[in-house]
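Trainee: Provided herewith is a single structure, encoded as structure tokens, for subsequent inquiry.
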Amino acid sequence: MSEQSEHLQALLAELGSGSDERAQQALEHLAEQGESVLPWLLRQLQSKQPDDRWWATAALSLIDHPRAREALRRSLKDPDPSVRQCAAFGLRRLPSEQAVPELLEALADSDRLLARLAADALAALGDAGLSPLTEALRNPNPAVRIEAARALASMNDPAAIPPLFAALDDASPLVVHWAEQGLERLGVGMTFFDPSKG
């Protein structure tokens, strides 16, 4: 085994040490290895232990590489909820247009933390996130519309004004709340509807 392989094996062992502090340090060292560590992390994603898969997913979210993004996308389907949450969080840091279908599906998940993180990951796409989030505002599920409105409101993008304006007529008070918040942040606010300004 090469010196590098031994070093990586030691870092991977630290991830499973049971100590969050040691695992966090190992995580940072793994991320510093960049692309070279990807094969090792991808193998960790095959582990039967959710903790192994969680730490591998967390490490992948620190490596700006297409294979890391694709792995995060796959981890959105992991059987363990904490791994799915970690993947969505990672895709907020490493936005991926290829992950849009999975992120949209996650908006409807009964795990509302996952749904919120998925909405944040869609918002992180910028222009590429506007269309899917606008589409999500038309979803019959109010929970999906709430997360879509909140994400659009967070984008500070003038292109979000039309869908947010349309969302003011939503049946859900929370959707309306986020639409108002977003419009106010974008400098539109309720003055848009003030007859004295007409």
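Please note that chains go A, B, ... in the order of the structure tokens, that every chain numbers its residues from 1, and that ligands are numbered from 1 in the order shown.
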With a distance cut-off of 12 Å and only C-alpha atoms, select the neighbouring residues of A:Asn156, excluding the residue or stretch itself and same-chain residues fewer than 2 positions from it, and output the selection as a list in words.
Mentor: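 So the residues in contact are Ala123, Ala124, Gly126, Asp127, Leu130, Arg150, Ala151, Leu152, Ala153, Ser154, Pro158, Ala159, Ala160, Ile161, Leu164, Ala179, Gln181, Gly182, Leu183, Glu184, Arg185, Leu186, Gly187 and Val188 of chain A.
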Trainee: Just give me the gap between atom CA of A:Val100 and atom CA of A:Gly129 in Å, one decimal is fine.
Mentor: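 Between atom CA of A:Val100 and atom CA of A:Gly129 the gap works out to 8.1 Å.
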Trainee: Name all residues at most 10 Å from A:Val37 (count only C-alpha atoms; drop same-chain ones fewer than 2 positions away) and give them as an NGL selection string.
Mentor: :A and (4-5 or 8 or 30-35 or 39-42 or 59-60 or 63)
Trainee: What's around A:Asp120 at 12 Å? Count only C-alpha atoms, leave out sequence neighbours fewer than 6 positions away in its own chain, and write the answer as a ChimeraX atom specification.
Mentor: /A:85,87-95,100,103-104,106-107,113-114,126,129-130,133,147-155
Trainee: Would you list the contacts of A:Leu168 as a VMD selection string, taking every protein, DNA or RNA residue within 12 Å and counting only C-alpha atoms, but skipping same-chain residues closer than 3 positions in sequence?
Mentor: chain A and resid 137 145 to 146 149 161 to 165 171 to 183 189 to 190 193
Trainee: Generate the output file for the selected residues, C-alpha atoms, as a PDB file, in the first residue's frame.
Mentor:
```
ATOM      1  CA  LEU A 137     -45.325  27.187  -6.960  1.00  0.00           C
ATOM      2  CA  ARG A 145     -45.461  25.757  -2.631  1.00  0.00           C
ATOM      3  CA  ILE A 146     -44.327  27.138   0.741  1.00  0.00           C
ATOM      4  CA  ALA A 149     -41.981  30.650  -2.310  1.00  0.00           C
ATOM      5  CA  ILE A 161     -40.898  39.141  -9.057  1.00  0.00           C
ATOM      6  CA  PRO A 162     -43.528  37.734 -11.496  1.00  0.00           C
ATOM      7  CA  PRO A 163     -43.862  34.319  -9.782  1.00  0.00           C
ATOM      8  CA  LEU A 164     -43.820  35.930  -6.334  1.00  0.00           C
ATOM      9  CA  PHE A 165     -46.465  38.415  -7.445  1.00  0.00           C
ATOM     10  CA  ALA A 171     -54.609  29.825  -0.733  1.00  0.00           C
ATOM     11  CA  SER A 172     -51.793  29.193   1.766  1.00  0.00           C
ATOM     12  CA  PRO A 173     -51.075  32.101   4.138  1.00  0.00           C
ATOM     13  CA  LEU A 174     -47.442  30.967   4.396  1.00  0.00           C
ATOM     14  CA  VAL A 175     -46.986  31.098   0.619  1.00  0.00           C
ATOM     15  CA  VAL A 176     -48.431  34.627   0.650  1.00  0.00           C
ATOM     16  CA  HIS A 177     -46.142  35.550   3.555  1.00  0.00           C
ATOM     17  CA  TRP A 178     -43.000  34.454   1.715  1.00  0.00           C
ATOM     18  CA  ALA A 179     -44.162  36.123  -1.495  1.00  0.00           C
ATOM     19  CA  GLU A 180     -44.637  39.400   0.382  1.00  0.00           C
ATOM     20  CA  GLN A 181     -41.236  39.027   2.047  1.00  0.00           C
ATOM     21  CA  GLY A 182     -39.551  38.410  -1.286  1.00  0.00           C
ATOM     22  CA  LEU A 183     -41.245  41.316  -3.019  1.00  0.00           C
ATOM     23  CA  GLY A 189     -43.397  45.518  -1.506  1.00  0.00           C
ATOM     24  CA  MET A 190     -46.971  46.573  -1.068  1.00  0.00           C
ATOM     25  CA  PHE A 193     -50.551  47.847  -5.008  1.00  0.00           C
TER      26      PHE A 193
END
```
Trainee: Taking the DSSP secondary structure from the backbone, can you list the residues of stretch 24-96 of chain A that are alpha helix (DSSP H), as a PyMOL selection string?
Mentor: chain A and resi 24-33+38-44+50-60+66-75+81-93
Trainee: The selected residues should be written to file as a compact mmCIF listing (two decimals), in the first residue's frame (atoms: N, CA and C atoms).
Mentor:
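Written file, again.txt:
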```txt
# COMPACT_ATOMS: atom_id res chain seq x y z
N GLN A 24 -14.46 15.51 12.10
CA GLN A 24 -14.49 16.81 11.43
C GLN A 24 -13.10 17.20 10.92
N GLN A 25 -12.07 16.94 11.73
CA GLN A 25 -10.70 17.23 11.30
C GLN A 25 -10.33 16.37 10.09
N ALA A 26 -10.70 15.10 10.14
CA ALA A 26 -10.41 14.20 9.03
C ALA A 26 -11.14 14.65 7.77
N LEU A 27 -12.36 15.14 7.96
CA LEU A 27 -13.16 15.62 6.84
C LEU A 27 -12.44 16.76 6.11
N GLU A 28 -11.91 17.68 6.88
CA GLU A 28 -11.21 18.82 6.28
C GLU A 28 -9.95 18.37 5.54
N HIS A 29 -9.23 17.41 6.13
CA HIS A 29 -8.02 16.89 5.48
C HIS A 29 -8.36 16.14 4.20
N LEU A 30 -9.47 15.39 4.23
CA LEU A 30 -9.90 14.68 3.03
C LEU A 30 -10.24 15.66 1.91
N ALA A 31 -10.95 16.72 2.26
CA ALA A 31 -11.34 17.71 1.25
C ALA A 31 -10.11 18.35 0.61
N GLU A 32 -9.06 18.51 1.40
CA GLU A 32 -7.81 19.10 0.87
C GLU A 32 -7.17 18.21 -0.20
N GLN A 33 -7.50 16.92 -0.17
CA GLN A 33 -6.93 16.00 -1.15
C GLN A 33 -7.55 16.18 -2.54
N LEU A 38 -11.70 11.09 -4.42
CA LEU A 38 -13.05 10.73 -4.86
C LEU A 38 -13.31 9.22 -4.90
N PRO A 39 -12.41 8.41 -5.48
CA PRO A 39 -12.69 6.97 -5.52
C PRO A 39 -12.90 6.37 -4.13
N TRP A 40 -12.16 6.83 -3.16
CA TRP A 40 -12.30 6.34 -1.79
C TRP A 40 -13.65 6.74 -1.22
N LEU A 41 -14.04 7.98 -1.42
CA LEU A 41 -15.33 8.45 -0.89
C LEU A 41 -16.50 7.75 -1.56
N LEU A 42 -16.38 7.53 -2.87
CA LEU A 42 -17.46 6.85 -3.59
C LEU A 42 -17.63 5.42 -3.07
N ARG A 43 -16.52 4.79 -2.69
CA ARG A 43 -16.63 3.44 -2.11
C ARG A 43 -17.31 3.50 -0.75
N GLN A 44 -17.02 4.58 0.01
CA GLN A 44 -17.65 4.73 1.33
C GLN A 44 -19.16 4.86 1.21
N PRO A 50 -24.93 3.81 7.87
CA PRO A 50 -25.35 5.18 7.52
C PRO A 50 -24.31 6.25 7.90
N ASP A 51 -23.63 6.06 9.04
CA ASP A 51 -22.62 7.05 9.45
C ASP A 51 -21.51 7.16 8.42
N ASP A 52 -21.07 6.02 7.89
CA ASP A 52 -20.02 6.03 6.85
C ASP A 52 -20.49 6.82 5.64
N ARG A 53 -21.74 6.57 5.23
CA ARG A 53 -22.27 7.24 4.05
C ARG A 53 -22.46 8.73 4.32
N TRP A 54 -22.85 9.09 5.56
CA TRP A 54 -23.05 10.50 5.90
C TRP A 54 -21.73 11.25 5.80
N TRP A 55 -20.68 10.71 6.42
CA TRP A 55 -19.40 11.40 6.40
C TRP A 55 -18.83 11.48 4.98
N ALA A 56 -19.02 10.43 4.20
CA ALA A 56 -18.55 10.47 2.80
C ALA A 56 -19.30 11.55 2.03
N THR A 57 -20.59 11.67 2.26
CA THR A 57 -21.40 12.69 1.61
C THR A 57 -20.96 14.08 2.04
N ALA A 58 -20.69 14.24 3.32
CA ALA A 58 -20.21 15.53 3.83
C ALA A 58 -18.87 15.91 3.19
N ALA A 59 -17.99 14.93 3.03
CA ALA A 59 -16.69 15.20 2.40
C ALA A 59 -16.86 15.55 0.93
N LEU A 60 -17.75 14.86 0.25
CA LEU A 60 -17.99 15.13 -1.17
C LEU A 60 -18.50 16.55 -1.38
N PRO A 66 -17.31 17.48 -10.85
CA PRO A 66 -18.56 16.90 -11.38
C PRO A 66 -18.91 15.54 -10.77
N ARG A 67 -17.90 14.71 -10.49
CA ARG A 67 -18.20 13.39 -9.91
C ARG A 67 -18.73 13.54 -8.49
N ALA A 68 -18.25 14.55 -7.77
CA ALA A 68 -18.77 14.79 -6.43
C ALA A 68 -20.22 15.25 -6.49
N ARG A 69 -20.54 16.13 -7.45
CA ARG A 69 -21.92 16.58 -7.61
C ARG A 69 -22.85 15.42 -7.97
N GLU A 70 -22.38 14.55 -8.85
CA GLU A 70 -23.20 13.40 -9.26
C GLU A 70 -23.43 12.46 -8.08
N ALA A 71 -22.41 12.28 -7.25
CA ALA A 71 -22.55 11.43 -6.07
C ALA A 71 -23.55 12.03 -5.08
N LEU A 72 -23.49 13.35 -4.91
CA LEU A 72 -24.45 14.02 -4.03
C LEU A 72 -25.87 13.85 -4.56
N ARG A 73 -26.01 13.92 -5.86
CA ARG A 73 -27.32 13.71 -6.48
C ARG A 73 -27.84 12.32 -6.15
N ARG A 74 -26.98 11.32 -6.25
CA ARG A 74 -27.40 9.95 -5.95
C ARG A 74 -27.74 9.80 -4.46
N SER A 75 -27.01 10.52 -3.62
CA SER A 75 -27.25 10.42 -2.18
C SER A 75 -28.59 11.02 -1.75
N PRO A 81 -32.40 9.14 6.20
CA PRO A 81 -32.81 10.55 6.06
C PRO A 81 -31.67 11.54 6.31
N SER A 82 -30.78 11.23 7.26
CA SER A 82 -29.70 12.17 7.54
C SER A 82 -28.72 12.27 6.37
N VAL A 83 -28.53 11.18 5.64
CA VAL A 83 -27.66 11.21 4.46
C VAL A 83 -28.32 12.05 3.37
N ARG A 84 -29.64 11.89 3.20
CA ARG A 84 -30.35 12.69 2.19
C ARG A 84 -30.26 14.18 2.52
N GLN A 85 -30.41 14.51 3.81
CA GLN A 85 -30.29 15.91 4.22
C GLN A 85 -28.89 16.45 3.93
N CYS A 86 -27.89 15.65 4.24
CA CYS A 86 -26.50 16.05 4.01
C CYS A 86 -26.25 16.28 2.51
N ALA A 87 -26.84 15.43 1.68
CA ALA A 87 -26.68 15.57 0.22
C ALA A 87 -27.32 16.86 -0.27
N ALA A 88 -28.51 17.17 0.23
CA ALA A 88 -29.18 18.41 -0.18
C ALA A 88 -28.39 19.62 0.28
N PHE A 89 -27.85 19.55 1.48
CA PHE A 89 -27.01 20.64 1.99
C PHE A 89 -25.78 20.80 1.10
N GLY A 90 -25.19 19.67 0.69
CA GLY A 90 -24.02 19.72 -0.18
C GLY A 90 -24.33 20.33 -1.53
N LEU A 91 -25.52 20.06 -2.04
CA LEU A 91 -25.91 20.60 -3.35
C LEU A 91 -26.25 22.09 -3.27
N ARG A 92 -26.45 22.58 -2.09
CA ARG A 92 -26.56 24.04 -1.93
C ARG A 92 -25.17 24.66 -2.08
N ARG A 93 -24.17 23.96 -1.58
CA ARG A 93 -22.79 24.45 -1.68
C ARG A 93 -22.21 24.22 -3.08
```
Trainee: Would you mind reading off the distance between atom CA of A:Ala136 and atom CA of A:Glu105, one decimal, in Å?
Mentor: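 Atom CA of A:Glu105 lies at a distance of 9.8 Å from atom CA of A:Ala136.
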Trainee: What is the distance, in Å and to one decimal place, between atom CA of A:Ala115 and atom CA of A:Val144?
Mentor: 7.9 Å
